[in-house]
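Asks: So here's query_11.txt, just compact mmCIF, C-alpha atoms:
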# COMPACT_ATOMS: atom_id res chain seq x y z
CA GLN F 2 -6.81 -4.00 -12.27
CA ALA F 3 -4.78 -6.94 -10.95
CA GLY F 4 -1.90 -6.00 -8.72
CA LEU F 5 1.50 -7.49 -8.08
CA THR F 6 1.88 -10.23 -5.48
CA GLN F 7 3.96 -9.71 -2.37
CA PRO F 8 4.07 -11.74 0.87
CA PRO F 9 2.17 -9.81 3.58
CA SER F 10 4.95 -10.07 6.15
CA VAL F 11 8.57 -11.03 6.64
CA SER F 12 10.44 -11.21 9.96
CA LYS F 13 14.22 -11.35 10.31
CA GLY F 14 16.76 -10.76 13.04
CA LEU F 15 19.00 -7.77 13.54
CA ARG F 16 21.99 -7.77 11.15
CA GLN F 17 20.45 -10.60 9.11
CA THR F 18 19.49 -10.46 5.43
CA ALA F 19 15.91 -10.19 4.20
CA THR F 20 14.77 -10.89 0.66
CA LEU F 21 11.37 -9.57 -0.37
CA THR F 22 9.68 -10.83 -3.51
CA CYS F 23 7.20 -9.36 -5.98
CA THR F 24 5.53 -11.41 -8.68
CA GLY F 25 3.82 -9.98 -11.72
CA ASP F 26 3.58 -11.00 -15.35
CA SER F 27 5.12 -10.30 -18.73
CA ASN F 28 3.16 -7.05 -19.09
CA ASN F 29 4.60 -5.40 -15.99
CA VAL F 30 7.52 -6.80 -13.98
CA GLY F 31 8.66 -9.03 -16.82
CA ASN F 32 8.57 -6.13 -19.27
CA GLN F 33 9.29 -2.85 -17.48
CA GLY F 34 10.98 -4.13 -14.36
CA ALA F 35 9.92 -3.07 -10.88
CA ALA F 36 10.52 -0.19 -8.55
CA TRP F 37 10.74 -0.67 -4.79
CA LEU F 38 9.45 1.79 -2.22
CA GLN F 39 9.77 1.94 1.55
CA GLN F 40 7.12 3.51 3.73
CA HIS F 41 7.45 4.15 7.42
CA GLN F 42 4.35 4.77 9.48
CA GLY F 43 3.21 8.36 9.08
CA HIS F 44 5.60 9.15 6.26
CA PRO F 45 5.28 9.21 2.47
CA PRO F 46 6.81 6.41 0.40
CA LYS F 47 10.49 6.65 -0.46
CA LEU F 48 11.91 5.24 -3.69
CA LEU F 49 14.64 2.67 -2.98
CA SER F 50 15.28 1.22 -6.41
CA TYR F 51 14.07 1.52 -9.98
CA ARG F 52 14.77 -0.18 -13.30
CA ASN F 53 15.37 -3.30 -11.25
CA ASN F 54 18.58 -2.23 -9.51
CA THR F 55 19.29 1.47 -9.80
CA ARG F 56 19.40 3.23 -6.46
CA PRO F 57 18.56 6.92 -6.19
CA SER F 58 21.15 9.12 -4.60
CA GLY F 59 21.31 8.68 -0.85
CA ILE F 60 19.92 5.16 -0.70
CA SER F 61 22.13 2.75 1.20
CA GLU F 62 24.01 0.00 -0.64
CA ARG F 63 22.40 -2.39 1.81
CA PHE F 64 19.37 -2.27 -0.48
CA SER F 65 19.73 -4.13 -3.76
CA ALA F 66 17.15 -5.23 -6.26
CA SER F 67 17.07 -7.82 -9.00
CA ARG F 68 14.66 -9.52 -11.38
CA SER F 69 14.25 -13.00 -12.75
CA GLY F 70 11.52 -13.34 -15.31
CA ASN F 71 8.29 -12.00 -13.86
CA THR F 72 9.56 -11.87 -10.28
CA ALA F 73 11.43 -8.95 -8.75
CA SER F 74 13.32 -9.14 -5.48
CA LEU F 75 14.63 -6.64 -2.95
CA THR F 76 17.47 -7.79 -0.71
CA ILE F 77 18.29 -5.88 2.45
CA THR F 78 21.54 -6.83 4.12
CA GLY F 79 22.68 -6.08 7.67
CA LEU F 80 19.16 -5.38 8.89
CA GLN F 81 18.81 -2.38 11.20
CA PRO F 82 15.89 -1.34 13.42
CA GLU F 83 15.12 1.54 11.06
CA ASP F 84 14.54 -0.93 8.22
CA GLU F 85 11.29 -1.97 9.89
CA ALA F 86 8.68 -0.59 7.47
CA ASP F 87 6.25 -1.47 4.71
CA TYR F 88 7.82 -2.26 1.36
CA TYR F 89 6.00 -1.97 -1.94
CA CYS F 90 6.90 -2.97 -5.46
CA SER F 91 5.45 -1.13 -8.43
CA ALA F 92 5.54 -1.37 -12.19
CA TRP F 93 3.86 0.08 -15.24
CA ASP F 94 1.55 -2.43 -16.88
CA SER F 95 1.71 -1.98 -20.64
CA SER F 96 -1.43 -3.97 -21.35
CA LEU F 97 -3.55 -2.09 -18.78
CA SER F 98 -1.90 1.31 -19.33
CA ALA F 99 -1.88 1.52 -15.58
CA ARG F 100 0.59 1.53 -12.74
CA VAL F 101 0.25 -1.50 -10.51
CA PHE F 102 1.41 -1.93 -6.95
CA GLY F 103 1.99 -4.97 -4.83
CA GLY F 104 -0.04 -5.30 -1.66
CA GLY F 105 3.04 -4.50 0.40
CA THR F 106 5.26 -6.50 2.73
CA LYS F 107 5.56 -5.53 6.37
CA LEU F 108 9.16 -6.15 7.41
CA THR F 109 9.75 -6.76 11.09
CA VAL F 110 13.29 -6.64 12.45
CA LEU F 111 13.52 -8.82 15.55
CA GLU A 10 15.34 20.59 -3.87
CA VAL A 11 12.28 18.84 -5.24
CA GLN A 12 9.17 19.65 -3.22
CA LEU A 13 5.58 18.54 -3.68
CA LEU A 14 2.83 19.95 -1.50
CA GLU A 15 -0.69 18.55 -1.67
CA SER A 16 -3.76 20.42 -0.50
CA GLY A 17 -7.52 20.34 -0.84
CA GLY A 18 -8.35 17.30 1.24
CA GLY A 19 -11.06 17.27 3.87
CA LEU A 20 -14.35 15.79 4.98
CA VAL A 21 -16.97 15.40 2.26
CA GLN A 22 -20.36 13.71 2.19
CA PRO A 23 -20.99 10.68 -0.04
CA GLY A 24 -21.74 11.82 -3.55
CA GLY A 25 -19.80 15.02 -3.06
CA SER A 26 -16.80 16.46 -4.85
CA LEU A 27 -13.32 17.70 -3.99
CA ARG A 28 -10.41 19.09 -5.96
CA LEU A 29 -6.93 18.22 -4.81
CA SER A 30 -3.92 20.31 -5.76
CA CYS A 31 -0.22 19.51 -5.76
CA ALA A 32 2.18 22.43 -5.92
CA ALA A 33 5.57 21.48 -7.32
CA SER A 34 8.92 23.22 -7.02
CA GLY A 35 12.61 22.49 -7.46
CA PHE A 36 12.40 20.95 -10.94
CA THR A 37 11.16 21.72 -14.45
CA PHE A 38 7.55 20.70 -13.87
CA SER A 39 6.53 20.40 -17.52
CA SER A 40 9.31 17.89 -18.21
CA TYR A 41 7.88 15.23 -15.93
CA GLY A 42 4.84 13.04 -15.77
CA MET A 43 3.00 13.13 -12.49
CA THR A 44 0.86 10.62 -10.67
CA TRP A 45 -1.68 10.39 -7.85
CA VAL A 46 -1.49 7.44 -5.46
CA ARG A 47 -3.68 6.83 -2.42
CA ARG A 48 -3.51 4.76 0.71
CA ALA A 49 -6.75 3.86 2.42
CA PRO A 50 -6.73 3.16 6.18
CA GLY A 51 -5.32 -0.29 6.84
CA LYS A 52 -4.58 -0.92 3.18
CA GLY A 53 -1.67 -0.63 0.78
CA LEU A 54 -0.78 1.86 -1.90
CA GLU A 55 -3.21 2.16 -4.80
CA TRP A 56 -2.44 3.97 -8.02
CA VAL A 57 -5.16 6.46 -8.95
CA SER A 58 -4.10 8.38 -12.05
CA SER A 59 -1.16 9.58 -14.13
CA ILE A 60 -0.63 12.45 -16.53
CA GLY A 61 2.13 13.19 -19.02
CA GLY A 62 4.29 16.29 -18.93
CA SER A 63 2.25 18.16 -21.50
CA GLY A 64 -1.04 17.09 -19.98
CA ARG A 65 -2.27 15.46 -23.19
CA SER A 66 -1.86 11.89 -21.95
CA THR A 67 -3.85 10.68 -18.95
CA ASN A 68 -4.60 7.29 -17.40
CA TYR A 69 -6.92 6.20 -14.61
CA ALA A 70 -7.47 3.23 -12.36
CA ASP A 71 -10.70 1.38 -13.09
CA SER A 72 -11.92 2.26 -9.58
CA VAL A 73 -11.98 6.00 -10.38
CA LYS A 74 -12.50 6.09 -14.14
CA GLY A 75 -15.38 8.35 -15.06
CA ARG A 76 -15.41 10.02 -11.62
CA PHE A 77 -11.92 11.53 -11.28
CA THR A 78 -10.12 13.86 -13.66
CA VAL A 79 -6.42 14.60 -13.53
CA SER A 80 -5.04 17.82 -15.01
CA ARG A 81 -2.09 20.14 -14.70
CA ASP A 82 -1.25 23.81 -15.17
CA ASN A 83 2.39 23.97 -16.20
CA SER A 84 2.38 27.76 -15.93
CA LYS A 85 1.56 27.39 -12.23
CA ASN A 86 3.61 24.21 -11.60
CA THR A 87 0.50 22.62 -10.20
CA LEU A 88 -1.15 19.22 -10.57
CA TYR A 89 -4.84 18.70 -9.88
CA LEU A 90 -7.23 15.86 -9.19
CA GLN A 91 -10.93 16.61 -9.54
CA MET A 92 -12.89 13.97 -7.63
CA ASN A 93 -16.64 13.61 -8.16
CA SER A 94 -19.26 11.15 -6.91
CA LEU A 95 -17.14 10.31 -3.92
CA GLY A 96 -17.90 7.22 -1.89
CA ALA A 97 -16.64 5.66 1.33
CA GLY A 98 -14.14 3.63 -0.67
CA ASP A 99 -12.38 6.85 -1.68
CA THR A 100 -11.43 7.66 1.90
CA ALA A 101 -7.64 7.71 1.88
CA LEU A 102 -4.47 9.72 2.13
CA TYR A 103 -3.78 11.02 -1.37
CA TYR A 104 -0.20 11.50 -2.51
CA CYS A 105 1.11 13.19 -5.59
CA ALA A 106 4.44 12.00 -6.96
CA ARG A 107 6.79 12.97 -9.75
CA VAL A 108 7.38 10.25 -12.31
CA SER A 109 10.80 9.65 -13.79
CA GLY A 110 10.22 6.13 -15.04
CA SER A 111 8.97 5.39 -11.54
CA PRO A 112 7.47 7.69 -8.90
CA ASP A 113 10.63 9.16 -7.41
CA TYR A 114 9.60 12.15 -5.29
CA TRP A 115 6.45 12.15 -3.16
CA GLY A 116 4.50 14.75 -1.29
CA GLN A 117 3.35 14.36 2.31
CA GLY A 118 -0.22 13.63 1.25
CA THR A 119 -3.63 15.15 1.85
CA LEU A 120 -6.39 13.29 3.68
CA VAL A 121 -9.78 12.77 2.08
CA THR A 122 -12.56 11.46 4.30
CA VAL A 123 -15.92 10.57 2.78
CA SER A 124 -18.56 10.28 5.45
CA SER A 125 -22.02 11.52 6.32
Hey, can you dump this file as structure tokens for me?
Replies:
Amino acid sequence: QAGLTQPPSVSKGLRQTATLTCTGDSNNVGNQGAAWLQQHQGHPPKLLSYRNNTRPSGISERFSASRSGNTASLTITGLQPEDEADYYCSAWDSSLSARVFGGGTKLTVL
Amino acid sequence: EVQLLESGGGLVQPGGSLRLSCAASGFTFSSYGMTWVRRAPGKGLEWVSSIGGSGRSTNYADSVKGRFTVSRDNSKNTLYLQMNSLGAGDTALYYCARVSGSPDYWGQGTLVTVSS
């Protein structure tokens, strides 16, 4: 099953803004939208956003998501050291009847 | 508070079997789909399987189709993953997650190591 495409790594400075991208197709991101998850080393994934830009309770407003066509984006403003983590996008693929994940983006906060 | 607790992982020889369990609490278990996701060492998240709230609907990744079986016992609030014909490529930390459109709550994971 083909996955979603994410850049392997992104590096930004403290208090800067990072935008992570996730590209799929009309059967997944373009159809169902994408969810974004954050995973710190040694911890389970945490849902940051779903249905393109709905944040679960307790998730900082510094995290915002959007979608344009088959590409989803996660923007993190005012980067903090604790934002350094792996970020994954995910979507349900209606043609595969499968959930697909991106390969993950490792965010480094300099 | 939603809680998911996986168990059943361990060391198994190639070709062997394991059954993972995921005990759920803090929500109406039968009202939610559930999913298994794994993360192999040095790799990203990989979806393994999903099951609907009633248990009638199931889906599998191509990599596990025919070898793994997902099931649930709503009377025990427990999700299962029966894994057969295990190979080195199945070595991973296995997570269960509740699905509310997207996987929203995750367990801590249980480690499966396939090695002789």
Asks: Nearest residue to chain A out of F:Arg63, F:Arg68, F:Lys107, F:Lys47, using all atoms listed in the file?
Replies: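 Using all atoms listed in the file, chain A sits closest to F:Lys47.
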Asks: Between atom CA of A:Asn83 and atom CA of A:Gly35, what is the distance in Å, rounded to a tenth?
Replies: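 Calculated distance between atom CA of A:Asn83 and atom CA of A:Gly35 is 13.5 Å.
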Asks: Using all atoms listed in the file, I'd like a table of the residues in chain A that come within 9 Å of chain F; for each, show the closest atom pair and its distance in Å rounded to one decimal, ordered by chain and ascending number, as a Markdown table.
Replies:
| residue | atom | partner | partner_atom | distance |
| --- | --- | --- | --- | --- |
| A:Lys52 | CA | F:Gly104 | CA | 8.0 |
| A:Gly53 | CA | F:Gly104 | CA | 5.5 |
| A:Leu54 | CA | F:Phe102 | CA | 6.7 |
| A:Glu55 | CA | F:Phe102 | CA | 6.5 |
| A:Trp56 | CA | F:Arg100 | CA | 6.1 |
| A:Val57 | CA | F:Arg100 | CA | 8.5 |
| A:Ser58 | CA | F:Ala99 | CA | 8.0 |
| A:Ser59 | CA | F:Ala99 | CA | 8.2 |
| A:Asn68 | CA | F:Ala99 | CA | 6.6 |
| A:Tyr69 | CA | F:Ala99 | CA | 6.9 |
| A:Ala70 | CA | F:Ala99 | CA | 6.7 |
| A:Asp71 | CA | F:Gln2 | CA | 6.7 |
| A:Ser72 | CA | F:Gln2 | CA | 8.5 |
| A:Tyr104 | CA | F:Pro45 | CA | 7.8 |
| A:Gly110 | CA | F:Tyr51 | CA | 7.9 |
| A:Ser111 | CA | F:Ala36 | CA | 6.5 |
| A:Pro112 | CA | F:Leu48 | CA | 7.3 |
| A:Asp113 | CA | F:Leu48 | CA | 5.6 |
| A:Tyr114 | CA | F:Lys47 | CA | 7.4 |
| A:Trp115 | CA | F:Pro45 | CA | 6.5 |
| A:Gly116 | CA | F:Pro45 | CA | 6.7 |
| A:Gln117 | CA | F:Pro45 | CA | 5.5 |
| A:Gly118 | CA | F:Pro45 | CA | 7.2 |
Asks: Any idea what the distance is between atom CA of A:Pro23 and atom CA of A:Val123?
Replies: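 Pair atom CA of A:Pro23 / atom CA of A:Val123 returns 5.8 Å.
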Asks: What's the 9 Å shell around F:Ser12, counting only C-alpha atoms, without same-chain residues fewer than 5 positions away, as a PyMOL selection string?
Replies: chain F and resi 19+107-111
Asks: Distance cut-off 6 Å, centre (7.2, 18.0, -20.8) in file coordinates, counting all atoms listed in the file: which residues qualify? Return them as a JSON list (two decimals) with C-alpha atoms, in the frame of the given file.
Replies:
[["chain", "number", "residue", "atom", "x", "y", "z"],
["A", 39, "SER", "CA", 6.53, 20.40, -17.52],
["A", 40, "SER", "CA", 9.31, 17.89, -18.21],
["A", 41, "TYR", "CA", 7.88, 15.23, -15.93],
["A", 62, "GLY", "CA", 4.29, 16.29, -18.93],
["A", 63, "SER", "CA", 2.25, 18.16, -21.50]]
Asks: Work out how far apart atom CA of A:Ala106 and atom CA of A:Leu14 are and give it in Å to one decimal.
Replies: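 Taking atom CA of A:Ala106 and atom CA of A:Leu14, their separation equals 9.8 Å.
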Asks: Around the point (9.1, -7.1, -11.4) (coordinates from the file), which residues reach within 7 Å if we count all atoms listed in the file? Answer as an MDAnalysis selection string.
Replies: chainID F and resid 23:25 29:31 34:35 68 71:73 92
Asks: Quick one: residues within 7 Å of A:Arg76, all atoms listed in the file, excluding same-chain residues fewer than 2 positions away - as a PyMOL selection string?
Replies: chain A and resi 73-74+78+92-94
Asks: If you keep C-alpha atoms, can you produce a file of those selected residues as a PDB file, in the coordinates of the input?
Replies:
ATOM      1  CA  VAL A  73     -11.980   6.000 -10.380  1.00  0.00           C
ATOM      2  CA  LYS A  74     -12.500   6.090 -14.140  1.00  0.00           C
ATOM      3  CA  THR A  78     -10.120  13.860 -13.660  1.00  0.00           C
ATOM      4  CA  MET A  92     -12.890  13.970  -7.630  1.00  0.00           C
ATOM      5  CA  ASN A  93     -16.640  13.610  -8.160  1.00  0.00           C
ATOM      6  CA  SER A  94     -19.260  11.150  -6.910  1.00  0.00           C
TER       7      SER A  94
END
Asks: So for stretch 75-89 of chain A, what box centre and size do we get, axis-aligned, 4 Å extra on each of the six sides, every listed atom, Å to one decimal, as JSON?
Replies:
{"center_x": -5.9, "center_y": 18.1, "center_z": -13.0, "size_x": 27.0, "size_y": 27.4, "size_z": 14.3}
Asks: Which residue gives the smallest distance to F:Asn28 among F:Gly14, F:Asn54, F:Gln81, F:Gly70, with all atoms listed in the file counted?
Replies: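 Between F:Gly14, F:Asn54, F:Gln81, F:Gly70, the residue approaching F:Asn28 most closely is F:Gly70.
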Asks: Smallest atom-to-atom distance to F:Leu80: which of F:Ser61, F:Ser10, F:Thr22, F:Asn32, using all atoms listed in the file?
Replies: F:Ser61
Asks: Could you please fill out stretch 21-39 of chain F with N, CA, C and O atoms and send it back as a CSV table (one decimal), in the frame of the given file?
Replies:
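And here's result-v6.csv as it stands now:
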chain,number,residue,atom,x,y,z
F,21,LEU,N,12.8,-9.8,-0.1
F,21,LEU,CA,11.4,-9.6,-0.4
F,21,LEU,C,11.1,-9.8,-1.8
F,21,LEU,O,11.9,-9.4,-2.7
F,22,THR,N,10.0,-10.5,-2.1
F,22,THR,CA,9.7,-10.8,-3.5
F,22,THR,C,8.4,-10.1,-4.0
F,22,THR,O,7.6,-9.7,-3.2
F,23,CYS,N,8.3,-10.0,-5.3
F,23,CYS,CA,7.2,-9.4,-6.0
F,23,CYS,C,7.0,-10.1,-7.3
F,23,CYS,O,7.8,-10.0,-8.2
F,24,THR,N,5.8,-10.7,-7.5
F,24,THR,CA,5.5,-11.4,-8.7
F,24,THR,C,4.5,-10.7,-9.5
F,24,THR,O,3.4,-10.4,-9.0
F,25,GLY,N,4.8,-10.6,-10.8
F,25,GLY,CA,3.8,-10.0,-11.7
F,25,GLY,C,3.7,-10.9,-12.9
F,25,GLY,O,3.6,-12.1,-12.8
F,26,ASP,N,3.6,-10.2,-14.1
F,26,ASP,CA,3.6,-11.0,-15.4
F,26,ASP,C,4.4,-10.3,-16.4
F,26,ASP,O,5.1,-9.3,-16.2
F,27,SER,N,4.3,-10.8,-17.6
F,27,SER,CA,5.1,-10.3,-18.7
F,27,SER,C,4.7,-8.9,-19.2
F,27,SER,O,5.5,-8.3,-19.9
F,28,ASN,N,3.6,-8.4,-18.7
F,28,ASN,CA,3.2,-7.0,-19.1
F,28,ASN,C,3.7,-6.0,-18.1
F,28,ASN,O,3.6,-4.8,-18.4
F,29,ASN,N,4.1,-6.4,-17.0
F,29,ASN,CA,4.6,-5.4,-16.0
F,29,ASN,C,6.0,-5.7,-15.5
F,29,ASN,O,7.0,-5.2,-16.1
F,30,VAL,N,6.2,-6.5,-14.5
F,30,VAL,CA,7.5,-6.8,-14.0
F,30,VAL,C,8.4,-7.4,-15.0
F,30,VAL,O,9.6,-7.0,-15.2
F,31,GLY,N,7.9,-8.3,-15.8
F,31,GLY,CA,8.7,-9.0,-16.8
F,31,GLY,C,9.0,-8.1,-18.0
F,31,GLY,O,10.0,-8.4,-18.7
F,32,ASN,N,8.3,-7.0,-18.1
F,32,ASN,CA,8.6,-6.1,-19.3
F,32,ASN,C,9.3,-4.9,-18.9
F,32,ASN,O,10.4,-4.5,-19.4
F,33,GLN,N,8.8,-4.2,-17.9
F,33,GLN,CA,9.3,-2.8,-17.5
F,33,GLN,C,10.2,-2.9,-16.3
F,33,GLN,O,10.9,-1.9,-15.9
F,34,GLY,N,10.3,-4.1,-15.6
F,34,GLY,CA,11.0,-4.1,-14.4
F,34,GLY,C,10.2,-3.5,-13.2
F,34,GLY,O,9.0,-3.0,-13.5
F,35,ALA,N,10.7,-3.5,-12.0
F,35,ALA,CA,9.9,-3.1,-10.9
F,35,ALA,C,10.7,-2.0,-10.1
F,35,ALA,O,11.9,-2.0,-10.1
F,36,ALA,N,10.0,-1.1,-9.5
F,36,ALA,CA,10.5,-0.2,-8.6
F,36,ALA,C,10.2,-0.7,-7.2
F,36,ALA,O,9.1,-1.3,-7.0
F,37,TRP,N,11.0,-0.3,-6.2
F,37,TRP,CA,10.7,-0.7,-4.8
F,37,TRP,C,10.7,0.6,-4.0
F,37,TRP,O,11.5,1.5,-4.1
F,38,LEU,N,9.7,0.6,-3.1
F,38,LEU,CA,9.4,1.8,-2.2
F,38,LEU,C,9.4,1.3,-0.8
F,38,LEU,O,8.9,0.2,-0.5
F,39,GLN,N,9.8,2.2,0.1
F,39,GLN,CA,9.8,1.9,1.6
F,39,GLN,C,8.9,3.0,2.2
F,39,GLN,O,8.9,4.2,1.8
